[in-house]
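Visitor: You'll find work21.cif just under this line, and it carries mmCIF, C-alpha atoms.
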data_work
#
loop_
_atom_site.label_atom_id
_atom_site.label_comp_id
_atom_site.auth_asym_id
_atom_site.auth_seq_id
_atom_site.Cartn_x
_atom_site.Cartn_y
_atom_site.Cartn_z
CA MET Z 149 15.76 -32.33 17.29
CA ALA Z 150 16.07 -30.96 20.81
CA LEU Z 151 16.00 -27.22 21.33
CA ASN Z 152 18.48 -25.51 23.63
CA THR Z 153 16.66 -24.76 26.89
CA GLY Z 154 19.73 -22.83 28.02
CA ARG Z 155 18.42 -19.98 25.87
CA ILE Z 156 15.38 -19.42 28.16
CA GLY Z 157 15.51 -15.85 29.42
CA HIS Z 158 17.61 -14.60 26.51
CA ARG Z 159 16.72 -11.12 25.26
CA TYR Z 160 17.35 -9.90 21.74
CA PRO Z 161 18.10 -6.37 20.54
CA ASP Z 162 15.25 -3.94 19.90
CA THR Z 163 13.91 -4.13 16.37
CA ASP Z 164 14.30 -1.19 14.01
CA PRO Z 165 11.51 1.38 14.44
CA TYR Z 166 8.29 0.46 12.60
CA GLU Z 167 6.15 3.38 11.47
CA VAL Z 168 2.45 2.51 11.47
CA GLY Z 169 0.89 3.85 8.27
CA ARG Z 170 -2.77 4.63 7.65
CA GLU Z 171 -2.81 2.66 4.45
CA LYS Z 172 -1.21 -0.31 6.23
CA ILE Z 173 -3.98 -0.29 8.83
CA ARG Z 174 -6.62 -0.07 6.08
CA GLU Z 175 -4.92 -2.89 4.17
CA PHE Z 176 -4.69 -5.09 7.28
CA ALA Z 177 -8.33 -4.40 8.28
CA ALA Z 178 -9.46 -5.31 4.76
CA ALA Z 179 -7.34 -8.49 4.89
CA ILE Z 180 -9.17 -9.67 8.01
CA GLY Z 181 -12.50 -8.76 6.44
CA ASP Z 182 -13.34 -5.80 8.67
CA GLU Z 183 -14.66 -2.85 6.67
CA SER Z 184 -15.58 -0.79 9.75
CA PRO Z 185 -15.22 2.96 9.01
CA ILE Z 186 -13.09 3.41 12.15
CA TYR Z 187 -10.14 1.78 10.33
CA HIS Z 188 -10.66 3.58 7.05
CA ASP Z 189 -11.98 7.05 7.85
CA VAL Z 190 -9.81 9.37 9.93
CA GLU Z 191 -12.81 11.52 10.88
CA ALA Z 192 -14.74 8.47 12.12
CA ALA Z 193 -11.69 7.43 14.14
CA ARG Z 194 -11.31 10.89 15.66
CA ALA Z 195 -15.03 11.03 16.45
CA ALA Z 196 -14.48 7.81 18.45
CA GLY Z 197 -11.70 9.50 20.42
CA HIS Z 198 -8.65 8.20 18.58
CA ARG Z 199 -5.63 10.22 17.47
CA ASP Z 200 -5.85 8.67 14.03
CA VAL Z 201 -7.17 5.41 12.57
CA PRO Z 202 -6.61 2.68 15.20
CA ALA Z 203 -5.14 -0.73 14.43
CA PRO Z 204 -7.22 -3.91 14.67
CA PRO Z 205 -6.37 -5.87 17.86
CA THR Z 206 -4.32 -8.49 16.01
CA PHE Z 207 -2.36 -5.95 13.94
CA ALA Z 208 0.31 -6.03 16.66
CA ILE Z 209 1.54 -9.29 15.10
CA VAL Z 210 2.92 -7.31 12.14
CA VAL Z 211 5.27 -5.51 14.51
CA SER Z 212 5.90 -8.24 17.09
CA GLN Z 213 6.78 -10.91 14.51
CA ARG Z 214 9.81 -8.84 13.51
CA ALA Z 215 11.10 -9.44 17.01
CA THR Z 216 10.01 -13.06 17.46
CA ARG Z 217 11.78 -14.05 14.24
CA GLN Z 218 15.02 -13.32 16.06
CA ALA Z 219 14.28 -16.27 18.35
CA SER Z 220 12.75 -18.51 15.66
CA PHE Z 221 15.89 -18.17 13.53
CA ASP Z 222 18.41 -18.10 16.40
CA PRO Z 223 20.94 -20.87 15.66
CA GLU Z 224 21.60 -21.10 19.40
CA ILE Z 225 18.00 -22.34 19.85
CA GLY Z 226 17.97 -24.56 16.77
CA VAL Z 227 14.42 -24.39 15.40
CA ASP Z 228 13.86 -26.21 12.09
CA TYR Z 229 11.48 -23.64 10.63
CA SER Z 230 10.18 -26.07 7.99
CA ARG Z 231 8.55 -28.00 10.85
CA VAL Z 232 6.97 -25.04 12.62
CA VAL Z 233 3.29 -24.39 13.19
CA HIS Z 234 1.77 -21.60 15.25
CA GLY Z 235 0.56 -23.03 18.56
CA GLU Z 236 -0.74 -20.16 20.63
CA GLN Z 237 -0.98 -16.39 20.43
CA ARG Z 238 -2.01 -13.81 22.97
CA PHE Z 239 -2.11 -10.00 22.99
CA GLU Z 240 -2.46 -7.78 26.01
CA HIS Z 241 -3.16 -4.24 24.90
CA HIS Z 242 -2.06 -1.44 27.18
CA GLU Z 243 -2.59 1.49 24.80
CA PRO Z 244 -4.23 1.65 21.36
CA ILE Z 245 -1.91 1.50 18.35
CA CYS Z 246 -2.79 4.23 15.85
CA ALA Z 247 -1.51 5.40 12.47
CA GLY Z 248 1.52 7.62 12.94
CA ASP Z 249 2.89 5.62 15.87
CA VAL Z 250 6.51 4.52 15.69
CA LEU Z 251 7.00 1.18 17.43
CA THR Z 252 9.87 -1.03 18.42
CA SER Z 253 9.75 -4.57 19.79
CA ARG Z 254 11.79 -6.32 22.46
CA VAL Z 255 11.59 -10.07 22.60
CA GLU Z 256 12.59 -12.47 25.34
CA VAL Z 257 12.59 -16.28 25.27
CA ALA Z 258 9.93 -17.06 27.86
CA ASP Z 259 10.01 -20.85 27.68
CA ILE Z 260 11.40 -23.79 25.73
CA ARG Z 261 10.03 -27.21 26.51
CA GLU Z 262 9.41 -30.65 25.13
CA ALA Z 263 5.81 -31.80 24.67
CA GLY Z 264 5.57 -35.39 23.49
CA ALA Z 265 7.31 -35.61 20.10
CA ASN Z 266 7.26 -31.81 19.71
CA TRP Z 267 9.14 -28.84 21.10
CA LEU Z 268 7.47 -25.62 22.14
CA LEU Z 269 9.14 -22.20 21.96
CA THR Z 270 7.35 -19.39 23.75
CA THR Z 271 8.41 -15.77 23.28
CA ARG Z 272 7.18 -12.65 25.01
CA THR Z 273 7.44 -9.45 23.02
CA GLU Z 274 6.98 -5.99 24.43
CA VAL Z 275 5.84 -3.53 21.79
CA VAL Z 276 6.90 -0.03 22.77
CA ARG Z 277 6.01 3.31 21.20
CA VAL Z 278 9.04 5.51 20.69
CA PRO Z 279 10.46 7.97 21.44
CA ASP Z 280 8.12 8.40 24.45
CA GLU Z 281 8.64 4.75 25.59
CA VAL Z 282 4.94 4.01 26.05
CA HIS Z 283 4.33 0.30 26.43
CA VAL Z 284 1.47 -0.45 24.01
CA CYS Z 285 1.20 -4.24 23.80
CA THR Z 286 2.57 -7.50 25.17
CA ALA Z 287 2.44 -10.29 22.60
CA THR Z 288 3.04 -13.86 23.74
CA SER Z 289 3.58 -16.42 21.02
CA THR Z 290 4.16 -20.16 21.12
CA ILE Z 291 5.41 -22.01 18.08
CA VAL Z 292 5.38 -25.78 17.82
CA VAL Z 293 8.32 -27.53 16.22
CA ARG Z 294 6.87 -30.83 15.11
CA GLY Z 295 8.95 -33.90 15.84
CA GLY Z 296 8.87 -37.22 14.05
CA SER Z 297 10.19 -38.05 10.61
CA MET L 288 -21.19 0.28 23.04
CA PRO L 289 -23.17 -2.20 25.17
CA SER L 290 -23.63 -1.45 28.86
CA VAL L 291 -22.31 -3.97 31.35
CA ASP L 292 -25.51 -3.49 33.39
CA GLU L 293 -27.54 -5.02 30.60
CA LEU L 294 -25.33 -8.09 30.23
CA ALA L 295 -25.32 -11.40 32.06
CA VAL L 296 -23.04 -14.40 32.07
CA GLY L 297 -24.28 -16.78 29.42
CA ASP L 298 -25.46 -14.07 27.02
CA HIS L 299 -24.37 -14.67 23.43
CA LEU L 300 -23.13 -12.04 21.02
CA PRO L 301 -24.59 -12.08 17.50
CA LEU L 302 -23.31 -15.12 15.62
CA TYR L 303 -20.50 -14.24 13.21
CA ALA L 304 -19.63 -16.40 10.22
CA PHE L 305 -17.32 -16.23 7.23
CA THR L 306 -15.57 -18.32 4.61
CA ILE L 307 -11.97 -17.97 3.49
CA GLU L 308 -11.06 -17.97 -0.20
CA ARG L 309 -7.62 -18.38 -1.73
CA VAL L 310 -7.53 -14.69 -2.59
CA ASP L 311 -8.03 -13.91 1.12
CA LEU L 312 -4.83 -15.85 1.89
CA VAL L 313 -2.88 -13.86 -0.68
CA ARG L 314 -4.30 -10.61 0.68
CA TYR L 315 -3.44 -11.56 4.28
CA ALA L 316 0.05 -12.71 3.31
CA GLY L 317 0.73 -9.32 1.77
CA ALA L 318 -0.88 -7.29 4.54
CA SER L 319 0.78 -9.19 7.39
CA GLY L 320 4.15 -10.03 5.86
CA ASP L 321 3.68 -13.75 6.59
CA LEU L 322 4.77 -15.29 3.29
CA ASN L 323 4.93 -18.91 4.46
CA ASP L 324 4.20 -20.92 1.31
CA ILE L 325 1.88 -23.47 2.98
CA HIS L 326 -0.70 -20.67 2.81
CA TRP L 327 -0.62 -20.26 -0.97
CA SER L 328 1.16 -23.21 -2.59
CA GLU L 329 -0.57 -26.59 -2.87
CA HIS L 330 2.84 -28.13 -3.52
CA ALA L 331 4.29 -26.70 -0.28
CA ALA L 332 1.20 -27.73 1.67
CA ALA L 333 1.45 -31.32 0.40
CA ALA L 334 5.16 -31.43 1.21
CA ALA L 335 4.30 -30.39 4.77
CA GLY L 336 1.81 -33.23 5.03
CA LEU L 337 -1.27 -31.02 4.84
CA PRO L 338 -4.44 -31.99 2.96
CA ASP L 339 -4.45 -28.66 1.07
CA VAL L 340 -3.45 -25.02 1.50
CA ILE L 341 -4.34 -23.79 5.00
CA ALA L 342 -5.25 -20.36 6.30
CA HIS L 343 -2.76 -18.42 8.40
CA GLY L 344 -3.64 -19.05 12.05
CA MET L 345 -3.42 -15.29 12.55
CA LEU L 346 -5.99 -14.73 9.79
CA THR L 347 -8.44 -17.08 11.50
CA MET L 348 -7.65 -15.43 14.84
CA GLY L 349 -8.05 -11.91 13.49
CA ARG L 350 -11.19 -12.57 11.49
CA SER L 351 -12.84 -14.44 14.34
CA LEU L 352 -12.70 -11.32 16.51
CA ASN L 353 -14.54 -9.07 14.03
CA GLY L 354 -17.95 -9.81 15.52
CA VAL L 355 -16.71 -8.98 19.02
CA VAL L 356 -15.13 -5.72 17.82
CA ALA L 357 -18.34 -4.75 15.98
CA TRP L 358 -20.36 -5.50 19.10
CA ALA L 359 -18.00 -3.49 21.32
CA GLY L 360 -17.92 -0.65 18.76
CA ASP L 361 -14.20 0.09 19.06
CA PRO L 362 -11.10 -2.08 18.52
CA ALA L 363 -9.43 -0.32 21.45
CA ALA L 364 -12.06 -1.87 23.74
CA VAL L 365 -10.27 -5.21 23.34
CA VAL L 366 -7.94 -5.34 26.34
CA SER L 367 -6.63 -8.82 25.66
CA TYR L 368 -7.20 -11.61 23.18
CA GLY L 369 -5.63 -15.04 23.16
CA VAL L 370 -6.15 -18.32 21.32
CA ARG L 371 -4.70 -21.79 20.81
CA PHE L 372 -4.54 -23.01 17.24
CA VAL L 373 -6.00 -26.50 17.50
CA ARG L 374 -6.86 -27.27 13.86
CA PRO L 375 -6.10 -25.41 10.63
CA VAL L 376 -8.78 -23.97 8.36
CA VAL L 377 -8.25 -25.82 5.09
CA VAL L 378 -8.78 -23.62 2.04
CA ALA L 379 -9.55 -25.69 -1.05
CA ASN L 380 -9.49 -24.11 -4.49
CA GLU L 381 -13.24 -23.44 -4.15
CA GLY L 382 -12.80 -21.96 -0.66
CA SER L 383 -13.08 -23.13 2.92
CA ASP L 384 -16.03 -24.54 4.79
CA THR L 385 -17.93 -21.90 6.72
CA VAL L 386 -16.24 -20.73 9.91
CA THR L 387 -18.67 -19.86 12.70
CA VAL L 388 -17.91 -17.79 15.78
CA ASP L 389 -20.23 -18.14 18.75
CA ALA L 390 -19.10 -15.67 21.41
CA GLU L 391 -20.50 -15.83 24.93
CA ILE L 392 -20.11 -13.67 28.02
CA ALA L 393 -18.20 -15.93 30.42
CA GLU L 394 -17.57 -13.47 33.23
CA VAL L 395 -18.37 -9.92 34.25
CA LEU L 396 -15.23 -8.35 35.69
CA ASP L 397 -14.63 -5.29 37.81
CA GLY L 398 -14.23 -1.97 36.03
CA ASP L 399 -16.94 -2.55 33.37
CA ARG L 400 -15.02 -5.33 31.72
CA VAL L 401 -16.30 -8.65 30.43
CA ARG L 402 -14.50 -11.87 29.54
CA VAL L 403 -15.83 -13.26 26.28
CA VAL L 404 -15.21 -16.86 25.22
CA LEU L 405 -15.28 -17.61 21.49
CA ASP L 406 -16.30 -20.99 20.13
CA VAL L 407 -14.76 -21.00 16.64
CA ARG L 408 -15.56 -23.89 14.33
CA CYS L 409 -14.99 -24.77 10.70
CA GLY L 410 -17.27 -27.42 9.23
CA GLY L 411 -18.34 -28.20 12.81
CA ASP L 412 -14.80 -28.85 14.14
CA ALA L 413 -13.16 -26.51 16.65
CA VAL L 414 -10.29 -24.60 15.01
CA LEU L 415 -9.40 -22.32 17.91
CA GLY L 416 -9.18 -23.41 21.53
CA LYS L 417 -9.13 -21.36 24.71
CA ALA L 418 -10.18 -18.37 22.58
CA GLU L 419 -10.91 -15.55 25.00
CA ALA L 420 -11.04 -11.78 24.90
CA VAL L 421 -11.41 -9.25 27.68
CA VAL L 422 -13.44 -6.28 26.52
CA GLN L 423 -13.69 -2.88 28.21
CA LEU L 424 -17.26 -1.57 27.99
#
Translate the structure described by the file into structure tokens.

Guide:
Amino acid sequence: MALNTGRIGHRYPDTDPYEVGREKIREFAAAIGDESPIYHDVEAARAAGHRDVPAPPTFAIVVSQRATRQASFDPEIGVDYSRVVHGEQRFEHHEPICAGDVLTSRVEVADIREAGANWLLTTRTEVVRVPDEVHVCTATSTIVVRGGS
Amino acid sequence: MPSVDELAVGDHLPLYAFTIERVDLVRYAGASGDLNDIHWSEHAAAAAGLPDVIAHGMLTMGRSLNGVVAWAGDPAAVVSYGVRFVRPVVVANEGSDTVTVDAEIAEVLDGDRVRVVLDVRCGGDAVLGKAEAVVQL
């Protein structure tokens, strides 16, 4: 089913603040199989120059997906989520994310286009540390809505 | 942390390899909040036309970078990282085939940065495409 390209450029409200916890970083690092002390040991993290334990580079998805879901489930766009697969993902890191940070995400519909039998929805999410409004990460995500039967 | 002066285009990072077990999918689902049932239910995977349960693309993406992060010595050294998901990692009840990550220096950039290209394969087939990271050294 066709998606509504008229929604390109639409911005959604900021997500509720997400507080990055030490144990969440440890849990996420363990889930991607990285047992490096920098994620688990605050002293090791501080010795490396961090404020607290830093997040793995792909941890930003935990925060950004809260924003991108607004587009994926936007009835004005019309994604059938049962037919969705993840197509592309990119992170540009501007500042490290560390335990103790409070983050919010702002998502914009960057592109909606047809590709053969499929539709592609690309969102760009700015992850911002609050209350100081430091821009920490830009996450660009493309989901594929598979066409056919 | 490696010095950019000692690196050249075409150098390879140490090969990194892993397998994914079903328990890893459950752990990643909980840690990430991605509860999509094609990653833990054989029934849901079959209904979606998949051969078996598949790994979260983000798990494959995240895990594939571990060797680069270990080489760089600090996760904050990763300035950017992007991939295309070209083929899922199928996780049978006895686990996945081995996933191999062959990372190569593709470009030395200004400001002590390098562009690293990752060739990520499972059972010999590419699972990530256009997988690239820029690392600050």

Visitor: Atom CA of Z:His234 to atom CA of L:His326: how many Å, to one decimal?

Guide: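 Interatomic distance, atom CA of Z:His234 to atom CA of L:His326: 12.7 Å.
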
Visitor: Select, from Z:Met149, Z:Ala195, Z:Val210, Z:Val255, the residue with the minimum atom-to-atom distance to chain L, counting only C-alpha atoms.

Guide: Z:Val210

Visitor: At a cut-off of 10 Å, using only C-alpha atoms, what residues contact Z:Asp249? Leave out same-chain residues fewer than 2 positions from it and give the result as a list in words.

Guide: Pro165, Tyr166, Glu167, Val168, Gly169, Arg199, Asp200, Pro202, Pro244, Ile245, Cys246, Ala247, Leu251, Thr252, Val276, Arg277, Val278 and Pro279 of chain Z

Visitor: Write the residues of the selection above to a file with C-alpha atoms, as a compact mmCIF listing (two decimals), in the frame of the given file.

Guide:
# COMPACT_ATOMS: atom_id res chain seq x y z
CA PRO Z 165 11.51 1.38 14.44
CA TYR Z 166 8.29 0.46 12.60
CA GLU Z 167 6.15 3.38 11.47
CA VAL Z 168 2.45 2.51 11.47
CA GLY Z 169 0.89 3.85 8.27
CA ARG Z 199 -5.63 10.22 17.47
CA ASP Z 200 -5.85 8.67 14.03
CA PRO Z 202 -6.61 2.68 15.20
CA PRO Z 244 -4.23 1.65 21.36
CA ILE Z 245 -1.91 1.50 18.35
CA CYS Z 246 -2.79 4.23 15.85
CA ALA Z 247 -1.51 5.40 12.47
CA LEU Z 251 7.00 1.18 17.43
CA THR Z 252 9.87 -1.03 18.42
CA VAL Z 276 6.90 -0.03 22.77
CA ARG Z 277 6.01 3.31 21.20
CA VAL Z 278 9.04 5.51 20.69
CA PRO Z 279 10.46 7.97 21.44

Visitor: If you count all atoms listed in the file, which residues fall within 8 Å of L:Val296, apart from same-chain ones fewer than 4 positions away, as a list in words?

Guide: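 Here the qualifying residues turn out to be Glu391, Ile392, Ala393, Glu394 and Val395 of chain L.
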
Visitor: Kindly determine which residues of chain L lie within 7 Å of chain Z, considering only C-alpha atoms, and give the answer as a ChimeraX atom specification.

Guide: /L:311,314-315,318-320,344,346,349-350,353,362-363,365-372

Visitor: Mind pulling up the distance from atom CA of L:Met345 to atom CA of L:Val313?

Guide: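 About the pair atom CA of L:Val313 and atom CA of L:Met345: they are 13.3 Å apart.
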
Visitor: Considering all atoms listed in the file, return as a PDB file with C-alpha atoms, keeping the file's coordinate frame whatever protein or nucleic-acid residues lie within 9 Å of L:Met288, sequence-local ones (same chain, fewer than 3 positions apart) excluded.

Guide:
ATOM      1  CA  TRP L 358     -20.360  -5.500  19.100  1.00  0.00           C
ATOM      2  CA  ALA L 359     -18.000  -3.490  21.320  1.00  0.00           C
ATOM      3  CA  GLY L 360     -17.920  -0.650  18.760  1.00  0.00           C
ATOM      4  CA  ASP L 361     -14.200   0.090  19.060  1.00  0.00           C
ATOM      5  CA  LEU L 424     -17.260  -1.570  27.990  1.00  0.00           C
TER       6      LEU L 424
END

Visitor: When the PyMOL selection byres ((chain L and resi 405-415) around 12) is applied to the file above, which residues end up in the set, as a count of residues only?

Guide: 60

Visitor: Name the residues captured by the PyMOL selection byres ((chain Z and resi 225) around 6) when it is applied to the shown file; answer as an NGL selection string.

Guide: :Z and (151-152 or 222-224 or 226)

Visitor: Just to confirm, what's the straight-line distance from atom CA of Z:Arg170 to atom CA of Z:Arg272 in Å (one decimal)?

Guide: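 Spanning atom CA of Z:Arg170 to atom CA of Z:Arg272 is a straight-line distance of 26.4 Å.
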
Visitor: Could you name the residues that touch L:Trp327 at 9 Å or less, counting only C-alpha atoms, but leaving out those on the same chain fewer than 4 positions away, as a VMD selection string?

Guide: chain L and resid 309 312 to 313 316 322 to 323 331 to 332 340 to 342

Visitor: Take the PyMOL selection byres ((chain L and resi 290) around 10), run it mentally on this structure, and tell me the resulting residues as a list of chain:residue names.

Guide: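 When the PyMOL selection byres ((chain L and resi 290) around 10) is applied to the shown file, the picked residues are L:Met288, L:Pro289, L:Val291, L:Asp292, L:Glu293, L:Leu294, L:Ala359, L:Asp399, L:Arg400, L:Leu424.
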
Visitor: Save C-alpha atoms of stretch 149-180 of chain Z from the block above as a PDB file, in the first residue's frame.

Guide:
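As written to disk, selection.pdb reads:
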ATOM      1  CA  MET Z 149       0.000   0.000   0.000  1.00  0.00           C
ATOM      2  CA  ALA Z 150       1.317   3.431  -0.923  1.00  0.00           C
ATOM      3  CA  LEU Z 151       2.700   5.654   1.795  1.00  0.00           C
ATOM      4  CA  ASN Z 152       1.778   9.322   1.992  1.00  0.00           C
ATOM      5  CA  THR Z 153       4.705  11.297   0.579  1.00  0.00           C
ATOM      6  CA  GLY Z 154       2.945  14.480   1.676  1.00  0.00           C
ATOM      7  CA  ARG Z 155       4.276  13.720   5.161  1.00  0.00           C
ATOM      8  CA  ILE Z 156       7.913  14.337   4.084  1.00  0.00           C
ATOM      9  CA  GLY Z 157       9.314  17.117   6.251  1.00  0.00           C
ATOM     10  CA  HIS Z 158       6.867  16.525   9.089  1.00  0.00           C
ATOM     11  CA  ARG Z 159       8.311  16.937  12.577  1.00  0.00           C
ATOM     12  CA  TYR Z 160       6.953  15.219  15.662  1.00  0.00           C
ATOM     13  CA  PRO Z 161       6.972  16.427  19.265  1.00  0.00           C
ATOM     14  CA  ASP Z 162      10.056  15.896  21.432  1.00  0.00           C
ATOM     15  CA  THR Z 163      10.014  12.582  23.254  1.00  0.00           C
ATOM     16  CA  ASP Z 164       9.796  12.475  27.038  1.00  0.00           C
ATOM     17  CA  PRO Z 165      13.214  12.825  28.693  1.00  0.00           C
ATOM     18  CA  TYR Z 166      15.189   9.561  28.825  1.00  0.00           C
ATOM     19  CA  GLU Z 167      17.617   9.224  31.714  1.00  0.00           C
ATOM     20  CA  VAL Z 168      20.654   7.127  30.780  1.00  0.00           C
ATOM     21  CA  GLY Z 169      21.394   4.730  33.639  1.00  0.00           C
ATOM     22  CA  ARG Z 170      24.690   3.022  34.407  1.00  0.00           C
ATOM     23  CA  GLU Z 171      23.062  -0.353  34.671  1.00  0.00           C
ATOM     24  CA  LYS Z 172      21.312   0.197  31.329  1.00  0.00           C
ATOM     25  CA  ILE Z 173      24.653   0.890  29.652  1.00  0.00           C
ATOM     26  CA  ARG Z 174      26.158  -2.217  31.277  1.00  0.00           C
ATOM     27  CA  GLU Z 175      23.146  -4.277  30.211  1.00  0.00           C
ATOM     28  CA  PHE Z 176      23.294  -2.971  26.630  1.00  0.00           C
ATOM     29  CA  ALA Z 177      27.077  -3.520  26.376  1.00  0.00           C
ATOM     30  CA  ALA Z 178      26.641  -7.091  27.624  1.00  0.00           C
ATOM     31  CA  ALA Z 179      23.820  -7.627  25.108  1.00  0.00           C
ATOM     32  CA  ILE Z 180      26.123  -6.729  22.216  1.00  0.00           C
TER      33      ILE Z 180
END
